[in-house]
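Just run-v6.cif here, mmCIF, N, CA and C atoms and all ligand atoms:
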data_protein
#
loop_
_atom_site.label_atom_id
_atom_site.label_comp_id
_atom_site.auth_asym_id
_atom_site.auth_seq_id
_atom_site.Cartn_x
_atom_site.Cartn_y
_atom_site.Cartn_z
N MET A 1 166.98 69.06 85.47
CA MET A 1 165.92 70.03 85.15
C MET A 1 166.48 71.46 85.17
N GLY A 2 166.47 72.14 84.01
CA GLY A 2 166.99 73.50 83.92
C GLY A 2 166.02 74.50 84.51
N PRO A 3 166.47 75.74 84.64
CA PRO A 3 165.61 76.77 85.23
C PRO A 3 164.39 77.09 84.35
N THR A 4 164.58 76.95 82.98
CA THR A 4 163.46 77.29 82.09
C THR A 4 162.32 76.31 82.26
N LYS A 5 162.67 75.04 82.43
CA LYS A 5 161.64 74.01 82.58
C LYS A 5 160.84 74.26 83.88
N GLY A 6 161.60 74.63 84.90
CA GLY A 6 160.95 74.93 86.18
C GLY A 6 159.99 76.09 86.06
N HIS A 7 160.43 77.12 85.32
CA HIS A 7 159.58 78.30 85.13
C HIS A 7 158.32 77.95 84.37
N ALA A 8 158.48 77.11 83.35
CA ALA A 8 157.32 76.72 82.54
C ALA A 8 156.32 75.99 83.41
N PHE A 9 156.84 75.14 84.27
CA PHE A 9 155.95 74.38 85.16
C PHE A 9 155.20 75.34 86.08
N CYS A 10 155.98 76.28 86.64
CA CYS A 10 155.39 77.28 87.54
C CYS A 10 154.31 78.08 86.82
N GLY A 11 154.62 78.49 85.58
CA GLY A 11 153.68 79.27 84.80
C GLY A 11 152.38 78.52 84.56
N ALA A 12 152.53 77.26 84.19
CA ALA A 12 151.35 76.43 83.93
C ALA A 12 150.52 76.30 85.19
N LEU A 13 151.19 76.12 86.30
CA LEU A 13 150.50 75.97 87.58
C LEU A 13 149.74 77.25 87.92
N MET A 14 150.43 78.40 87.72
CA MET A 14 149.82 79.68 88.05
C MET A 14 148.59 79.94 87.17
N SER A 15 148.70 79.65 85.87
CA SER A 15 147.57 79.92 84.98
C SER A 15 146.40 79.00 85.32
N ASN A 16 146.74 77.78 85.80
CA ASN A 16 145.68 76.88 86.25
C ASN A 16 144.94 77.46 87.44
N ILE A 17 145.73 77.99 88.38
CA ILE A 17 145.13 78.58 89.58
C ILE A 17 144.28 79.79 89.18
N ARG A 18 144.82 80.60 88.27
CA ARG A 18 144.11 81.81 87.85
C ARG A 18 142.78 81.44 87.19
N GLN A 19 142.83 80.44 86.33
CA GLN A 19 141.61 80.01 85.64
C GLN A 19 140.58 79.52 86.65
N HIS A 20 141.07 78.77 87.61
CA HIS A 20 140.19 78.24 88.63
C HIS A 20 139.55 79.39 89.41
N ARG A 21 140.36 80.39 89.71
CA ARG A 21 139.88 81.54 90.47
C ARG A 21 138.82 82.30 89.69
N LYS A 22 139.07 82.43 88.37
CA LYS A 22 138.14 83.15 87.51
C LYS A 22 136.76 82.51 87.56
N LEU A 23 136.76 81.19 87.58
CA LEU A 23 135.48 80.46 87.57
C LEU A 23 134.75 80.60 88.90
N THR A 24 135.53 80.63 89.97
CA THR A 24 134.88 80.64 91.28
C THR A 24 134.62 82.05 91.80
N MET A 25 135.20 83.06 91.12
CA MET A 25 135.03 84.44 91.55
C MET A 25 133.57 84.86 91.41
N PRO A 26 133.03 85.60 92.39
CA PRO A 26 131.64 86.09 92.23
C PRO A 26 131.58 87.11 91.09
N GLN A 27 130.74 86.87 90.12
CA GLN A 27 130.69 87.68 88.90
C GLN A 27 130.23 89.13 89.10
N PRO A 28 129.19 89.42 89.89
CA PRO A 28 128.71 90.81 89.99
C PRO A 28 129.78 91.78 90.46
N GLU A 29 130.66 91.32 91.33
CA GLU A 29 131.71 92.18 91.84
C GLU A 29 132.68 92.58 90.72
N ARG A 30 132.98 91.64 89.85
CA ARG A 30 133.92 91.91 88.75
C ARG A 30 133.36 92.91 87.75
N THR A 31 132.07 92.84 87.48
CA THR A 31 131.50 93.71 86.45
C THR A 31 131.40 95.16 86.91
N ASN A 32 131.51 95.41 88.20
CA ASN A 32 131.41 96.77 88.70
C ASN A 32 132.73 97.53 88.66
N VAL A 33 133.81 96.85 88.32
CA VAL A 33 135.12 97.51 88.32
C VAL A 33 135.23 98.42 87.10
N MET A 34 135.39 99.72 87.36
CA MET A 34 135.53 100.69 86.28
C MET A 34 136.95 101.25 86.30
N THR A 35 137.51 101.42 85.12
CA THR A 35 138.78 102.12 85.03
C THR A 35 138.50 103.51 84.49
N SER A 36 139.39 104.45 84.76
CA SER A 36 139.18 105.79 84.21
C SER A 36 140.33 106.15 83.29
N ALA A 37 139.98 106.94 82.27
CA ALA A 37 140.97 107.35 81.28
C ALA A 37 140.56 108.70 80.72
N PRO A 38 141.52 109.52 80.32
CA PRO A 38 141.12 110.80 79.68
C PRO A 38 140.57 110.54 78.29
N HIS A 39 139.47 111.22 77.97
CA HIS A 39 138.89 111.10 76.61
C HIS A 39 139.86 111.73 75.62
N PRO A 40 140.22 111.03 74.54
CA PRO A 40 141.32 111.50 73.68
C PRO A 40 141.04 112.78 72.91
N TYR A 41 139.78 113.07 72.58
CA TYR A 41 139.59 114.24 71.71
C TYR A 41 138.40 115.13 72.05
N PHE A 42 137.46 114.70 72.90
CA PHE A 42 136.25 115.49 73.07
C PHE A 42 136.52 116.88 73.66
N GLY A 43 137.35 116.94 74.72
CA GLY A 43 137.66 118.21 75.37
C GLY A 43 138.29 119.21 74.42
N ILE A 44 139.18 118.71 73.55
CA ILE A 44 139.87 119.57 72.58
C ILE A 44 138.86 120.14 71.58
N TRP A 45 138.00 119.24 71.06
CA TRP A 45 136.97 119.67 70.11
C TRP A 45 136.05 120.70 70.76
N PHE A 46 135.60 120.42 71.99
CA PHE A 46 134.64 121.25 72.70
C PHE A 46 135.18 122.67 72.91
N ARG A 47 136.43 122.73 73.39
CA ARG A 47 137.05 124.02 73.65
C ARG A 47 137.21 124.83 72.37
N ARG A 48 137.68 124.13 71.30
CA ARG A 48 137.90 124.82 70.03
C ARG A 48 136.58 125.37 69.51
N PHE A 49 135.52 124.56 69.55
CA PHE A 49 134.21 125.01 69.07
C PHE A 49 133.70 126.17 69.92
N PHE A 50 133.88 126.06 71.23
CA PHE A 50 133.42 127.09 72.15
C PHE A 50 134.03 128.45 71.81
N PHE A 51 135.36 128.48 71.63
CA PHE A 51 136.03 129.76 71.38
C PHE A 51 135.69 130.30 70.01
N ARG A 52 135.59 129.43 68.99
CA ARG A 52 135.22 129.88 67.65
C ARG A 52 133.80 130.45 67.66
N ALA A 53 132.90 129.77 68.37
CA ALA A 53 131.51 130.21 68.41
C ALA A 53 131.41 131.59 69.05
N TRP A 54 132.12 131.79 70.17
CA TRP A 54 132.05 133.10 70.82
C TRP A 54 132.68 134.19 69.97
N PHE A 55 133.71 133.82 69.20
CA PHE A 55 134.32 134.79 68.30
C PHE A 55 133.31 135.23 67.24
N VAL A 56 132.60 134.26 66.66
CA VAL A 56 131.60 134.56 65.63
C VAL A 56 130.47 135.41 66.22
N ILE A 57 130.02 135.05 67.43
CA ILE A 57 128.93 135.78 68.09
C ILE A 57 129.34 137.23 68.37
N ALA A 58 130.57 137.39 68.85
CA ALA A 58 131.07 138.74 69.13
C ALA A 58 131.18 139.54 67.84
N ALA A 59 131.61 138.89 66.75
CA ALA A 59 131.73 139.56 65.46
C ALA A 59 130.36 139.99 64.94
N LEU A 60 129.36 139.12 65.11
CA LEU A 60 127.98 139.46 64.71
C LEU A 60 127.48 140.68 65.47
N PHE A 61 127.78 140.71 66.75
CA PHE A 61 127.34 141.80 67.61
C PHE A 61 127.95 143.13 67.17
N VAL A 62 129.27 143.12 66.97
CA VAL A 62 129.98 144.35 66.59
C VAL A 62 129.52 144.82 65.21
N LEU A 63 129.42 143.87 64.26
CA LEU A 63 128.99 144.21 62.90
C LEU A 63 127.59 144.79 62.87
N SER A 64 126.67 144.17 63.61
CA SER A 64 125.28 144.65 63.59
C SER A 64 125.21 146.05 64.19
N LEU A 65 125.99 146.31 65.22
CA LEU A 65 126.01 147.65 65.82
C LEU A 65 126.54 148.67 64.83
N LEU A 66 127.64 148.32 64.13
CA LEU A 66 128.24 149.23 63.16
C LEU A 66 127.27 149.53 62.02
N LEU A 67 126.61 148.46 61.52
CA LEU A 67 125.69 148.62 60.39
C LEU A 67 124.47 149.45 60.78
N LEU A 68 123.92 149.21 61.97
CA LEU A 68 122.75 149.96 62.42
C LEU A 68 123.10 151.43 62.60
N LYS A 69 124.30 151.67 63.09
CA LYS A 69 124.76 153.04 63.32
C LYS A 69 124.92 153.79 62.00
N ASN A 70 125.30 153.05 60.94
CA ASN A 70 125.56 153.67 59.65
C ASN A 70 124.39 153.53 58.68
N ASP A 71 123.19 153.34 59.22
CA ASP A 71 121.94 153.32 58.45
C ASP A 71 121.79 152.14 57.49
N PHE A 72 122.56 151.07 57.69
CA PHE A 72 122.27 149.83 56.96
C PHE A 72 121.28 149.04 57.83
N SER A 73 120.06 149.57 57.93
CA SER A 73 119.18 149.08 59.00
C SER A 73 118.71 147.65 58.76
N VAL A 74 118.47 147.26 57.48
CA VAL A 74 117.92 145.92 57.23
C VAL A 74 118.96 144.85 57.56
N ILE A 75 120.15 144.97 56.96
CA ILE A 75 121.18 143.96 57.21
C ILE A 75 121.65 144.04 58.66
N GLY A 76 121.65 145.24 59.20
CA GLY A 76 122.01 145.40 60.61
C GLY A 76 121.04 144.68 61.53
N ALA A 77 119.73 144.81 61.21
CA ALA A 77 118.70 144.13 62.01
C ALA A 77 118.82 142.62 61.86
N VAL A 78 119.10 142.15 60.63
CA VAL A 78 119.26 140.70 60.39
C VAL A 78 120.42 140.16 61.22
N LEU A 79 121.51 140.88 61.23
CA LEU A 79 122.67 140.43 62.01
C LEU A 79 122.39 140.47 63.51
N ALA A 80 121.66 141.52 63.92
CA ALA A 80 121.33 141.62 65.35
C ALA A 80 120.44 140.46 65.78
N ILE A 81 119.49 140.10 64.89
CA ILE A 81 118.61 138.97 65.22
C ILE A 81 119.40 137.66 65.25
N SER A 82 120.28 137.46 64.25
CA SER A 82 121.06 136.22 64.23
C SER A 82 122.02 136.16 65.41
N PHE A 83 122.48 137.34 65.85
CA PHE A 83 123.30 137.37 67.08
C PHE A 83 122.48 136.87 68.26
N GLY A 84 121.22 137.39 68.37
CA GLY A 84 120.36 136.98 69.47
C GLY A 84 120.03 135.50 69.45
N ILE A 85 119.84 134.95 68.22
CA ILE A 85 119.49 133.53 68.10
C ILE A 85 120.71 132.65 68.36
N SER A 86 121.88 133.11 67.93
CA SER A 86 123.06 132.24 67.96
C SER A 86 123.49 131.87 69.37
N ILE A 87 123.19 132.74 70.35
CA ILE A 87 123.63 132.44 71.72
C ILE A 87 122.92 131.20 72.30
N PRO A 88 121.56 131.21 72.35
CA PRO A 88 120.93 129.98 72.88
C PRO A 88 121.20 128.75 72.03
N PHE A 89 121.34 128.94 70.69
CA PHE A 89 121.62 127.79 69.83
C PHE A 89 123.00 127.20 70.12
N THR A 90 123.99 128.07 70.30
CA THR A 90 125.35 127.60 70.58
C THR A 90 125.39 126.85 71.91
N ILE A 91 124.75 127.44 72.93
CA ILE A 91 124.74 126.80 74.25
C ILE A 91 124.00 125.46 74.18
N GLY A 92 122.85 125.48 73.48
CA GLY A 92 122.07 124.25 73.33
C GLY A 92 122.85 123.16 72.61
N TYR A 93 123.54 123.55 71.53
CA TYR A 93 124.31 122.58 70.76
C TYR A 93 125.45 122.00 71.57
N LEU A 94 126.16 122.86 72.31
CA LEU A 94 127.29 122.38 73.12
C LEU A 94 126.81 121.45 74.24
N LEU A 95 125.67 121.80 74.85
CA LEU A 95 125.11 120.93 75.90
C LEU A 95 124.68 119.59 75.30
N TYR A 96 124.08 119.65 74.10
CA TYR A 96 123.68 118.42 73.43
C TYR A 96 124.88 117.52 73.18
N ARG A 97 125.96 118.11 72.67
CA ARG A 97 127.17 117.33 72.39
C ARG A 97 127.78 116.77 73.67
N LEU A 98 127.72 117.57 74.73
CA LEU A 98 128.30 117.14 76.01
C LEU A 98 127.57 115.92 76.55
N TYR A 99 126.27 115.85 76.29
CA TYR A 99 125.50 114.71 76.81
C TYR A 99 125.30 113.62 75.75
N HIS A 100 125.96 113.76 74.61
CA HIS A 100 125.89 112.72 73.57
C HIS A 100 127.30 112.43 73.05
N ILE A 101 128.18 112.05 73.96
CA ILE A 101 129.56 111.75 73.59
C ILE A 101 129.67 110.28 73.19
N ASP A 102 130.46 110.01 72.15
CA ASP A 102 130.71 108.63 71.74
C ASP A 102 131.91 108.06 72.48
N CYS A 103 131.86 106.76 72.74
CA CYS A 103 133.00 106.08 73.35
C CYS A 103 134.10 105.92 72.30
N PRO A 104 135.33 106.38 72.59
CA PRO A 104 136.42 106.24 71.61
C PRO A 104 136.80 104.78 71.38
N ASN A 105 136.41 103.91 72.28
CA ASN A 105 136.74 102.49 72.19
C ASN A 105 135.73 101.73 71.33
N CYS A 106 134.45 101.83 71.69
CA CYS A 106 133.44 100.98 71.06
C CYS A 106 132.36 101.79 70.35
N HIS A 107 132.46 103.12 70.37
CA HIS A 107 131.54 104.04 69.68
C HIS A 107 130.11 103.96 70.21
N ALA A 108 129.95 103.46 71.42
CA ALA A 108 128.63 103.46 72.03
C ALA A 108 128.35 104.85 72.61
N GLN A 109 127.08 105.12 72.81
CA GLN A 109 126.68 106.38 73.42
C GLN A 109 127.04 106.35 74.91
N LEU A 110 127.73 107.39 75.36
CA LEU A 110 128.15 107.42 76.76
C LEU A 110 127.12 108.16 77.62
N LYS A 111 127.20 107.88 78.91
CA LYS A 111 126.33 108.56 79.86
C LYS A 111 127.17 109.62 80.55
N THR A 112 126.86 110.90 80.33
CA THR A 112 127.65 111.99 80.91
C THR A 112 127.16 112.30 82.31
N ILE A 113 128.09 112.36 83.23
CA ILE A 113 127.74 112.69 84.61
C ILE A 113 128.62 113.84 85.11
N LYS A 114 128.08 114.59 86.07
CA LYS A 114 128.86 115.65 86.71
C LYS A 114 129.55 115.04 87.92
N ASN A 115 130.87 115.08 87.94
CA ASN A 115 131.61 114.65 89.12
C ASN A 115 131.82 115.89 89.98
N VAL A 116 130.90 116.09 90.91
CA VAL A 116 130.89 117.33 91.70
C VAL A 116 132.13 117.40 92.59
N LYS A 117 132.53 116.26 93.10
CA LYS A 117 133.68 116.21 94.02
C LYS A 117 134.95 116.68 93.31
N MET A 118 135.12 116.23 92.05
CA MET A 118 136.31 116.60 91.28
C MET A 118 136.02 117.83 90.41
N SER A 119 134.80 118.35 90.48
CA SER A 119 134.31 119.47 89.68
C SER A 119 134.69 119.36 88.20
N LYS A 120 134.30 118.21 87.62
CA LYS A 120 134.52 118.02 86.19
C LYS A 120 133.46 117.07 85.63
N TYR A 121 133.34 117.06 84.30
CA TYR A 121 132.41 116.16 83.64
C TYR A 121 133.09 114.83 83.32
N GLU A 122 132.31 113.76 83.43
CA GLU A 122 132.82 112.43 83.09
C GLU A 122 131.78 111.71 82.25
N ALA A 123 132.25 110.86 81.35
CA ALA A 123 131.34 110.09 80.50
C ALA A 123 131.61 108.60 80.71
N VAL A 124 130.56 107.88 81.04
CA VAL A 124 130.70 106.49 81.45
C VAL A 124 130.32 105.56 80.31
N CYS A 125 131.21 104.60 79.99
CA CYS A 125 130.87 103.54 79.04
C CYS A 125 130.63 102.26 79.82
N ASN A 126 129.39 101.81 79.81
CA ASN A 126 129.05 100.59 80.55
C ASN A 126 129.51 99.34 79.82
N ARG A 127 129.79 99.46 78.53
CA ARG A 127 130.24 98.30 77.77
C ARG A 127 131.74 98.05 78.01
N CYS A 128 132.55 99.11 77.96
CA CYS A 128 134.00 98.97 78.15
C CYS A 128 134.39 99.08 79.62
N LYS A 129 133.46 99.48 80.46
CA LYS A 129 133.75 99.69 81.89
C LYS A 129 134.82 100.77 82.07
N ILE A 130 134.68 101.85 81.30
CA ILE A 130 135.64 102.95 81.39
C ILE A 130 134.89 104.24 81.72
N VAL A 131 135.43 104.99 82.68
CA VAL A 131 134.92 106.33 82.96
C VAL A 131 135.86 107.31 82.25
N TRP A 132 135.35 107.95 81.21
CA TRP A 132 136.17 108.87 80.43
C TRP A 132 136.16 110.25 81.08
N ASP A 133 137.34 110.77 81.34
CA ASP A 133 137.46 112.14 81.81
C ASP A 133 137.33 113.04 80.58
N VAL A 134 136.22 113.76 80.52
CA VAL A 134 135.89 114.52 79.31
C VAL A 134 136.88 115.68 79.08
N GLY A 135 137.49 116.16 80.16
CA GLY A 135 138.46 117.24 80.04
C GLY A 135 137.83 118.61 80.14
N ILE A 136 136.60 118.67 80.69
CA ILE A 136 135.90 119.94 80.85
C ILE A 136 135.52 120.07 82.32
N GLY A 137 135.91 121.18 82.93
CA GLY A 137 135.58 121.41 84.32
C GLY A 137 134.19 122.01 84.45
N ILE A 138 133.60 121.84 85.61
CA ILE A 138 132.30 122.45 85.91
C ILE A 138 132.56 123.86 86.42
N GLY A 139 131.88 124.83 85.87
CA GLY A 139 132.03 126.21 86.32
C GLY A 139 133.38 126.79 85.90
N ASN A 140 133.97 127.57 86.77
CA ASN A 140 135.20 128.27 86.41
C ASN A 140 136.45 127.59 86.95
N SER A 141 136.29 126.35 87.40
CA SER A 141 137.43 125.64 87.98
C SER A 141 138.47 125.28 86.92
N ASP A 142 138.10 125.39 85.67
CA ASP A 142 138.97 124.97 84.58
C ASP A 142 139.97 126.07 84.20
ZN ZN A 201 132.96 101.75 75.12
#

Kindly transcribe the structure held in the file into structure tokens.
Ligand SMILES: [Zn+2]
Amino acid sequence: MGPTKGHAFCGALMSNIRQHRKLTMPQPERTNVMTSAPHPYFGIWFRRFFFRAWFVIAALFVLSLLLLKNDFSVIGAVLAISFGISIPFTIGYLLYRLYHIDCPNCHAQLKTIKNVKMSKYEAVCNRCKIVWDVGIGIGNSD
């Protein structure tokens, strides 16, 4: 009997034991095991959108001030109003996206939670059993 035959026998025995264990293992305990992984793209998208949005908002603010100062009162007022509207809309949209993240694995809707201990946001997929690290810190910890 060569070493390969012995290994094959051992392997078959081990897989038998493993299968047996799988059947006898208490199921609820297994389903609670979550793995964590960094979300591949949400944090990058979020940050990019955040900085672009603030750039546009700042540009609206400066432009409306310049136009109002130079007696372009109608367009200046329009820009000032859109500046005022764009802030709550941007924050609302970003919060909406933060709480409606898709799972990169199965495209299911994730449940976003605040991990206060680690001071960061996490999105949980109950189907894949993965806790996605969104890549966004809570507050100024980032
Ligand atoms: Zn998933």

| query | Using all atoms listed in the file, which residues sit within 7 Å of Ile87 of chain A once same-chain residues fewer than 5 positions away are excluded, as an MDAnalysis selection string? | reply | chainID A and resid 57 82 92

Which residues of chain A come within 12 Å of ligand ZN 201 (chain A), and what is each one's closest atom pair and distance in Å (one decimal), counting only C-alpha atoms and all ligand atoms, sorted by chain and residue number, as a tab-separated table?
residue	atom	partner	partner_atom	distance
A:Met34	CA	A:ZN201	ZN	11.5
A:Thr35	CA	A:ZN201	ZN	11.5
A:Ser36	CA	A:ZN201	ZN	11.7
A:Ala37	CA	A:ZN201	ZN	11.6
A:His39	CA	A:ZN201	ZN	11.2
A:Ile101	CA	A:ZN201	ZN	10.7
A:Asp102	CA	A:ZN201	ZN	8.0
A:Cys103	CA	A:ZN201	ZN	4.7
A:Pro104	CA	A:ZN201	ZN	6.7
A:Asn105	CA	A:ZN201	ZN	4.8
A:Cys106	CA	A:ZN201	ZN	4.2
A:His107	CA	A:ZN201	ZN	6.1
A:Ala108	CA	A:ZN201	ZN	5.6
A:Gln109	CA	A:ZN201	ZN	8.0
A:Leu110	CA	A:ZN201	ZN	7.6
A:Lys111	CA	A:ZN201	ZN	10.6
A:Ala123	CA	A:ZN201	ZN	10.1
A:Val124	CA	A:ZN201	ZN	8.2
A:Cys125	CA	A:ZN201	ZN	4.8
A:Asn126	CA	A:ZN201	ZN	6.8
A:Arg127	CA	A:ZN201	ZN	5.1
A:Cys128	CA	A:ZN201	ZN	4.2
A:Lys129	CA	A:ZN201	ZN	7.1
A:Ile130	CA	A:ZN201	ZN	6.9
A:Val131	CA	A:ZN201	ZN	9.3
A:Trp132	CA	A:ZN201	ZN	9.4

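In this comparison, which uses all atoms listed in the file, the residue of A:Val33, A:Ala58, A:Leu65, A:Ile44 approaching Gly135 of chain A most closely is A:Ile44.
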
| request: Could you check how far atom CA of Leu66 of chain A sits from atom CA of Val78 of chain A, in Å to one decimal? | output: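 Distance reported for this atom pair: 12.7 Å.
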
| task | Using only C-alpha atoms, find the one residue out of A:Asn115, A:Thr90, A:Gly76, A:Leu95 that sits nearest to Leu60 of chain A. | result | A:Gly76

| field | Contact residues around Lys120 of chain A with all atoms listed in the file at 8 Å, ignoring same-chain residues under 4 positions, as a list in words | value | Ile113, Lys114, Asn115, Val116, Asp133, Val134, Gly135, Ile136, Gly137, Ile138 and Gly139 of chain A
